[in-house]
file model-v1.txt (compact mmCIF, C-alpha atoms)
# COMPACT_ATOMS: atom_id res chain seq x y z
CA MET U 23 -3.02 100.85 47.17
CA TYR U 24 -6.23 100.06 45.28
CA ARG U 25 -6.45 99.19 41.62
CA ALA U 26 -9.07 98.59 38.93
CA LEU U 27 -8.84 94.90 38.05
CA PRO U 28 -10.21 92.66 35.26
CA ILE U 29 -13.66 91.13 35.68
CA SER U 30 -12.15 87.70 34.94
CA VAL U 31 -10.37 87.91 38.29
CA VAL U 32 -13.68 88.45 40.07
CA LEU U 33 -15.21 85.48 38.30
CA ALA U 34 -12.25 83.29 39.20
CA LEU U 35 -12.65 84.14 42.87
CA GLY U 36 -16.36 83.49 43.12
CA ILE U 37 -17.18 80.83 40.55
CA VAL U 38 -17.42 77.13 41.38
CA GLY U 39 -14.09 75.59 40.27
CA CYS U 40 -13.54 72.00 39.19
CA ASP U 41 11.75 87.28 68.79
CA LEU U 42 9.23 85.42 65.16
CA PHE U 43 7.31 88.39 63.82
CA GLN U 44 10.09 90.44 62.27
CA PRO U 45 10.25 92.16 58.86
CA PRO U 46 12.62 90.88 56.19
CA PRO U 47 16.20 92.20 56.55
CA SER U 48 16.50 95.88 55.78
CA ASP U 49 18.31 96.89 52.61
CA ALA U 50 18.30 100.61 53.33
CA ASP U 51 22.09 100.78 53.13
CA ALA U 52 22.43 98.58 50.07
CA VAL U 53 24.07 99.80 46.89
CA ALA U 54 23.41 98.90 43.28
CA THR U 55 25.48 96.02 41.94
CA ASP U 56 27.44 96.03 38.71
CA THR U 57 25.09 93.83 36.70
CA ASP U 58 24.25 93.99 33.01
CA THR U 59 21.09 95.94 33.83
CA SER U 60 22.55 98.45 36.27
CA ASP U 61 23.41 100.91 33.50
CA THR U 62 19.87 100.93 32.08
CA LEU U 63 17.64 100.37 35.11
CA ALA U 64 17.34 102.43 38.24
CA PRO U 65 18.28 100.66 41.48
CA CYS U 66 15.38 98.90 43.19
CA ALA U 67 13.59 101.03 45.75
CA PRO U 68 11.47 98.50 47.64
CA GLU U 69 8.39 99.70 49.44
CA SER U 70 8.10 98.87 53.12
CA ALA U 71 6.86 95.35 53.75
CA LEU U 72 3.39 94.75 55.19
CA ILE U 73 4.04 93.15 58.57
CA PRO U 74 3.48 91.10 60.50
CA PHE U 75 2.86 88.23 58.14
CA VAL U 76 3.46 84.81 59.65
CA ALA U 77 1.58 81.67 58.59
CA SER U 78 2.22 78.38 60.34
CA VAL U 79 0.55 75.02 59.68
CA ALA U 80 0.88 71.93 61.84
CA ARG U 81 -0.96 68.73 62.61
CA GLU U 82 -2.36 68.56 66.10
CA GLY U 83 0.35 67.25 68.43
CA GLU U 84 3.36 68.22 66.30
CA ASP U 85 6.16 69.93 68.18
CA GLU U 86 8.22 72.89 66.99
CA THR U 87 11.06 70.70 65.73
CA GLU U 88 8.69 68.70 63.51
CA VAL U 89 7.13 71.89 62.15
CA LEU U 90 10.55 73.21 61.11
CA THR U 91 12.04 69.99 59.74
CA THR U 92 9.27 67.86 58.25
CA SER U 93 6.74 68.37 55.47
CA LEU U 94 2.95 68.26 55.68
CA LEU U 95 0.22 67.79 53.11
CA ALA U 96 -3.53 67.71 53.75
CA SER U 97 -5.90 67.87 50.79
CA GLY U 98 -9.55 67.42 49.87
CA GLN U 99 -12.72 68.18 51.81
CA CYS U 100 -12.43 69.31 55.39
CA GLN U 101 -14.64 70.56 58.21
CA VAL U 102 -13.89 73.67 60.24
CA LEU U 103 -13.44 72.71 63.91
CA TYR U 104 -12.53 76.22 65.08
CA ALA U 105 -12.07 79.67 63.54
CA GLY U 106 -11.29 82.68 65.67
CA ALA U 107 -8.68 84.26 67.89
CA ALA U 108 -5.53 82.27 68.55
CA THR U 109 -5.68 80.16 71.70
CA GLY U 110 -3.27 78.64 74.21
CA ALA U 111 0.37 78.40 73.19
CA LEU U 112 -0.36 79.99 69.79
CA ALA U 113 -1.68 83.13 71.44
CA GLU U 114 1.31 83.17 73.80
CA ALA U 115 3.63 82.94 70.79
CA GLY U 116 2.09 86.08 69.27
CA TYR U 117 -0.27 84.61 66.71
CA GLU U 118 -3.59 86.42 66.33
CA ALA U 119 -5.88 84.07 64.38
CA GLU U 120 -6.35 80.29 64.41
CA VAL U 121 -8.22 77.92 62.10
CA ARG U 122 -8.53 74.20 62.86
CA LEU U 123 -9.45 71.89 59.99
CA GLN U 124 -10.36 68.21 60.02
CA PHE U 125 -9.60 66.75 56.59
CA TYR U 126 -11.74 63.72 55.88
CA ASP U 127 -8.82 61.45 54.95
CA ASP U 128 -6.46 62.64 57.71
CA PRO U 129 -6.88 61.45 61.33
CA HIS U 130 -5.19 64.50 62.85
CA PRO U 131 -6.66 68.01 62.67
CA VAL U 132 -4.55 70.63 60.89
CA VAL U 133 -3.98 73.91 62.71
CA LEU U 134 -3.42 77.12 60.75
CA ALA U 135 -1.99 79.93 62.88
CA LEU U 136 -1.69 83.48 61.53
CA ALA U 137 -0.38 86.90 62.37
CA LEU U 138 -1.47 89.26 59.60
CA PRO U 139 -1.06 92.97 58.85
CA HIS U 140 -3.89 95.40 59.56
CA ALA U 141 -4.75 95.43 55.85
CA ALA U 142 -5.78 91.76 55.97
CA PRO U 143 -9.22 90.54 57.06
CA ALA U 144 -9.41 87.35 59.09
CA PRO U 145 -10.07 84.14 57.12
CA ALA U 146 -13.82 84.01 56.39
CA VAL U 147 -14.57 80.47 57.53
CA ALA U 148 -17.09 79.36 60.14
CA TYR U 149 -17.33 76.58 62.70
CA GLY U 150 -18.90 73.44 61.25
CA GLU U 151 -18.55 74.59 57.65
CA THR U 152 -17.31 72.18 54.98
CA LEU U 153 -14.54 73.45 52.72
CA VAL U 154 -12.30 71.98 50.06
CA GLY U 155 -8.68 72.85 49.78
CA VAL U 156 -5.06 72.04 50.34
CA VAL U 157 -2.69 72.88 53.18
CA ALA U 158 1.00 72.20 52.53
CA ARG U 159 4.22 72.75 54.42
CA THR U 160 7.56 72.05 52.76
CA SER U 161 10.75 72.04 54.81
CA HIS U 162 14.01 73.11 53.20
CA GLY U 163 16.11 72.55 56.29
CA LYS U 164 18.18 75.58 57.24
CA ALA U 165 16.84 77.44 54.18
CA GLY U 166 13.40 77.66 55.79
CA VAL U 167 9.86 76.40 55.39
CA ASP U 168 7.32 77.06 52.63
CA VAL U 169 3.64 77.31 53.56
CA TYR U 170 0.80 77.08 51.04
CA VAL U 171 -2.90 77.30 51.97
CA ALA U 172 -5.89 77.41 49.60
CA LEU U 173 -9.48 77.02 50.84
CA ARG U 174 -12.73 77.27 48.88
CA GLY U 175 -16.37 76.84 49.80
CA VAL U 176 -17.81 73.47 48.73
CA VAL U 177 -21.26 74.84 47.89
CA ASP U 178 -20.36 78.03 46.02
CA GLY U 179 -16.75 77.33 45.09
CA ALA U 180 -15.76 80.82 46.24
CA LEU U 181 -12.19 81.33 47.36
CA ARG U 182 -12.09 81.94 51.11
CA ALA U 183 -8.38 82.11 51.77
CA TRP U 184 -5.08 81.72 49.96
CA LEU U 185 -1.75 82.29 51.68
CA ILE U 186 1.86 81.68 50.73
CA GLN U 187 4.98 82.21 52.76
CA GLY U 188 8.50 81.11 51.91
CA SER U 189 10.32 80.70 48.62
CA SER U 190 7.52 79.46 46.37
CA GLY U 191 4.25 80.90 45.11
CA GLY U 192 2.62 77.61 44.23
CA LEU U 193 1.83 74.09 45.34
CA PRO U 194 4.73 71.74 46.09
CA ASP U 195 6.01 69.72 43.15
CA GLY U 196 3.81 66.74 42.39
CA VAL U 197 0.79 68.07 44.34
CA ASP U 198 -2.47 68.72 42.50
CA CYS U 199 -5.33 70.98 43.50
CA PRO U 200 -8.10 68.73 44.88
CA LEU U 201 -11.48 67.90 43.37
CA GLY U 202 -11.04 70.01 40.25
CA PHE U 203 -10.90 73.32 42.11
CA ASP U 204 -8.43 75.98 40.98
CA CYS U 205 -5.63 76.73 43.41
CA PRO U 206 -4.16 80.22 43.12
CA ALA U 207 -0.49 80.68 42.37
CA ALA U 208 1.97 83.54 42.18
CA VAL U 209 5.19 84.15 40.28
CA LEU U 210 7.71 86.97 40.39
CA ALA U 211 7.70 89.06 37.22
CA GLU U 212 10.84 90.01 35.35
CA PRO U 213 12.67 92.68 37.37
CA ASP U 214 12.36 96.24 36.14
CA CYS U 215 14.97 97.67 38.49
CA ALA U 216 18.65 97.05 39.13
CA SER U 217 19.58 94.74 41.99
CA LEU U 218 20.89 95.85 45.36
CA GLN U 219 23.61 94.06 47.28
CA ASP U 220 22.80 92.42 50.61
CA ASP U 221 24.70 89.94 52.75
CA CYS U 222 23.72 87.00 50.52
CA GLY U 223 24.09 88.51 47.07
CA ALA U 224 22.30 90.74 44.59
CA ARG U 225 18.59 91.09 45.39
CA VAL U 226 15.76 92.49 43.25
CA TRP U 227 12.15 93.40 44.09
CA PRO U 228 10.01 92.59 41.04
CA ALA U 229 6.24 92.74 40.99
CA LEU U 230 4.40 89.58 42.05
CA GLU U 231 1.85 88.22 39.57
CA ILE U 232 -0.99 86.53 41.45
CA ARG U 233 -3.29 84.26 39.45
CA PRO U 234 -6.48 83.50 41.44
CA ALA U 235 -7.48 80.71 39.02
CA ALA U 236 -5.95 79.12 35.96
CA ALA U 237 -8.07 80.99 33.40
CA SER U 238 -8.07 84.40 35.07
CA ASP U 239 -5.88 87.40 34.39
CA PRO U 240 -3.12 87.91 36.95
CA VAL U 241 -3.32 90.59 39.61
CA THR U 242 0.07 92.29 39.72
CA LEU U 243 1.19 93.93 42.95
CA ARG U 244 4.49 94.94 44.46
CA GLN U 245 5.80 94.49 47.95
CA GLY U 246 3.68 96.48 50.38
CA GLU U 247 0.71 96.87 48.03
CA THR U 248 -2.94 95.93 48.64
CA ALA U 249 -5.86 95.67 46.25
CA VAL U 250 -9.56 94.98 46.92
CA ILE U 251 -11.82 93.38 44.32
CA GLY U 252 -15.56 93.68 44.86
CA SER U 253 -18.45 91.93 43.16
CA ARG U 254 -22.14 91.73 44.08
CA GLY U 255 -21.60 92.83 47.63
CA GLN U 256 -18.60 90.55 48.16
CA ALA U 257 -14.94 91.48 48.28
CA TRP U 258 -11.54 89.84 48.26
CA THR U 259 -8.42 91.51 49.60
CA PHE U 260 -5.11 90.88 47.82
CA LEU U 261 -1.89 91.61 49.71
CA VAL U 262 1.77 91.27 48.82
CA CYS U 263 3.49 91.60 52.14
CA TYR U 264 6.99 91.04 50.82
CA ALA U 265 8.37 89.80 47.52
CA SER U 266 12.00 89.68 46.41
CA ARG U 267 14.55 87.26 45.05
CA LEU U 268 18.28 86.88 44.82
CA ASP U 269 19.68 87.47 41.36
CA GLY U 270 22.64 85.40 40.28
CA GLU U 271 25.24 83.90 42.60
CA VAL U 272 24.15 83.35 46.20
CA ALA U 273 26.66 83.73 49.02
CA CYS U 274 24.50 82.14 51.75
CA THR U 275 23.86 78.40 51.67
CA ASP U 276 20.99 78.63 54.18
CA THR U 277 19.00 81.36 52.40
CA PRO U 278 16.18 80.69 49.90
CA ALA U 279 16.49 82.21 46.45
CA ALA U 280 13.15 84.00 46.89
CA ASP U 281 11.40 85.57 49.86
CA LEU U 282 7.62 85.70 49.39
CA ALA U 283 4.57 86.38 51.52
CA ALA U 284 1.20 87.08 49.93
CA ALA U 285 -2.49 86.41 50.47
CA ILE U 286 -5.99 86.57 49.04
CA LEU U 287 -8.60 86.76 51.79
CA PHE U 288 -12.35 86.94 51.49
CA GLY U 289 -13.45 90.22 53.00
CA ALA U 290 -12.51 93.85 52.46
CA VAL U 291 -9.87 95.77 54.35
CA PRO U 292 -11.24 96.49 57.87

call {"tool": "encode", "arguments": {"input": "model-v1.txt", "output": "structure tokens"}}
result
Amino acid sequence: MYRALPISVVLALGIVGCDLFQPPPSDADAVATDTDTSDTLAPCAPESALIPFVASVAREGEDETEVLTTSLLASGQCQVLYAGAATGALAEAGYEAEVRLQFYDDPHPVVLALALPHAAPAPAVAYGETLVGVVARTSHGKAGVDVYVALRGVVDGALRAWLIQGSSGGLPDGVDCPLGFDCPAAVLAEPDCASLQDDCGARVWPALEIRPAAASDPVTLRQGETAVIGSRGQAWTFLVCYASRLDGEVACTDTPAADLAAAILFGAVP
């Protein structure tokens, strides 16, 4: 789906700023719950998720257990050591794209591995290029792992890639965007449909409000929607692959309250 979007969003994207690959559980057989809104709102009818969407970040040498149980934070300027098709064990695991980043204040390279839907262009970064950004991984134990990636060009400040996966649409608590650059964030809007019951409780599918930079207008998309913003021969692709949250009491102790996957990638839909 393509939408006309505010010019402030374009400026925020381009201006210099100070087995694994499975869709979310199906709710096709769910029924509306008896909530206060069920009498006034129609039951949620979520669009199909855009899949696959899997983003994994790890320091070179980390094993799978560390990736799933420990947190990671790399921030500041970095150099691109590799950008292209997934290699080695990552390719064998089903990932499609790989980006290796050497942050200047971190001795170990950070590896970003991706499997993205057809509607997503590959991250537009090049070998040897210097970027500024933040790569974060937050472990919640059995409740899962949050991944946050934001990369901008040092020279032009243009956003190259932003990806979230997990329960949060922003940076981990206490983490600031480096060197005065704006880091995008996303938040679920107020639901406009009645929740559906799944195994863990009442779930709703609100729109996801994506803010490319602090001063820009949000881009609002629903699960399964894509938008392309173009300016002066450049384009950014926005995707909301899936976006839902549990509403009220949760019956599963190992399930996050929200289930998010979204991206902004430099480059139009292929």

call {"tool": "residues_around", "arguments": {"input": "model-v1.txt", "residues": "Ala207 of chain U", "least_positions_apart": "3", "cutoff": "6 Å", "atoms": "all atoms listed in the file", "output": "ChimeraX atom specification"}}
result
/U:191-192,232-233

call {"tool": "write_last_selection", "arguments": {"input": "model-v1.txt", "atoms": "C-alpha atoms", "output": "short mmCIF file (atom, residue, chain, number, x, y, z; two decimals), keeping the file's coordinate frame"}}
result
data_model
loop_
_atom_site.label_atom_id
_atom_site.label_comp_id
_atom_site.auth_asym_id
_atom_site.auth_seq_id
_atom_site.Cartn_x
_atom_site.Cartn_y
_atom_site.Cartn_z
CA GLY U 191 4.25 80.90 45.11
CA GLY U 192 2.62 77.61 44.23
CA ILE U 232 -0.99 86.53 41.45
CA ARG U 233 -3.29 84.26 39.45
#

call {"tool": "axis_aligned_box", "arguments": {"input": "model-v1.txt", "around": "segment 196-212 of chain U", "padding_each_side": "6 Å", "output": "JSON"}}
result
{"center_x": -0.3, "center_y": 78.4, "center_z": 40.1, "size_x": 34.3, "size_y": 35.3, "size_z": 21.5}

call {"tool": "atom_distance", "arguments": {"input": "model-v1.txt", "atom1": "atom CA of Ala183 of chain U", "atom2": "atom CA of Ala290 of chain U"}}
result
12.5 Å

call {"tool": "atom_distance", "arguments": {"input": "model-v1.txt", "atom1": "atom CA of Ser253 of chain U", "atom2": "atom CA of Ser190 of chain U"}}
result
29.0 Å

call {"tool": "residues_around", "arguments": {"input": "model-v1.txt", "residues": "segment 151-164 of chain U", "least_positions_apart": "3", "cutoff": "6 Å", "atoms": "all atoms listed in the file", "output": "list in words"}}
result
Thr91, Thr92, Ser93, Leu94, Leu95, Ala96, Ser97, Gly98, Gln99, Cys100, Gln101, Val102, Ala148, Val167, Asp168, Val169, Tyr170, Val171, Ala172, Leu173, Arg174, Gly175, Val176 and Asp276 of chain U

call {"tool": "closest_atom_pairs", "arguments": {"input": "model-v1.txt", "of": "segment 76-189 of chain U", "to": "segment 208-222 of chain U", "cutoff": "12 Å", "atoms": "all atoms listed in the file", "output": "Markdown table"}}
result
| residue | atom | partner | partner_atom | distance |
| --- | --- | --- | --- | --- |
| U:Tyr170 | CA | U:Ala208 | CA | 11.0 |
| U:Trp184 | CA | U:Ala208 | CA | 10.7 |
| U:Leu185 | CA | U:Ala208 | CA | 10.3 |
| U:Ile186 | CA | U:Ala208 | CA | 8.8 |
| U:Gln187 | CA | U:Ala208 | CA | 11.1 |
| U:Gly188 | CA | U:Ala208 | CA | 12.0 |
| U:Ser189 | CA | U:Val209 | CA | 10.4 |

call {"tool": "atom_distance", "arguments": {"input": "model-v1.txt", "atom1": "atom CA of Ala67 of chain U", "atom2": "atom CA of Thr248 of chain U"}}
result
17.5 Å
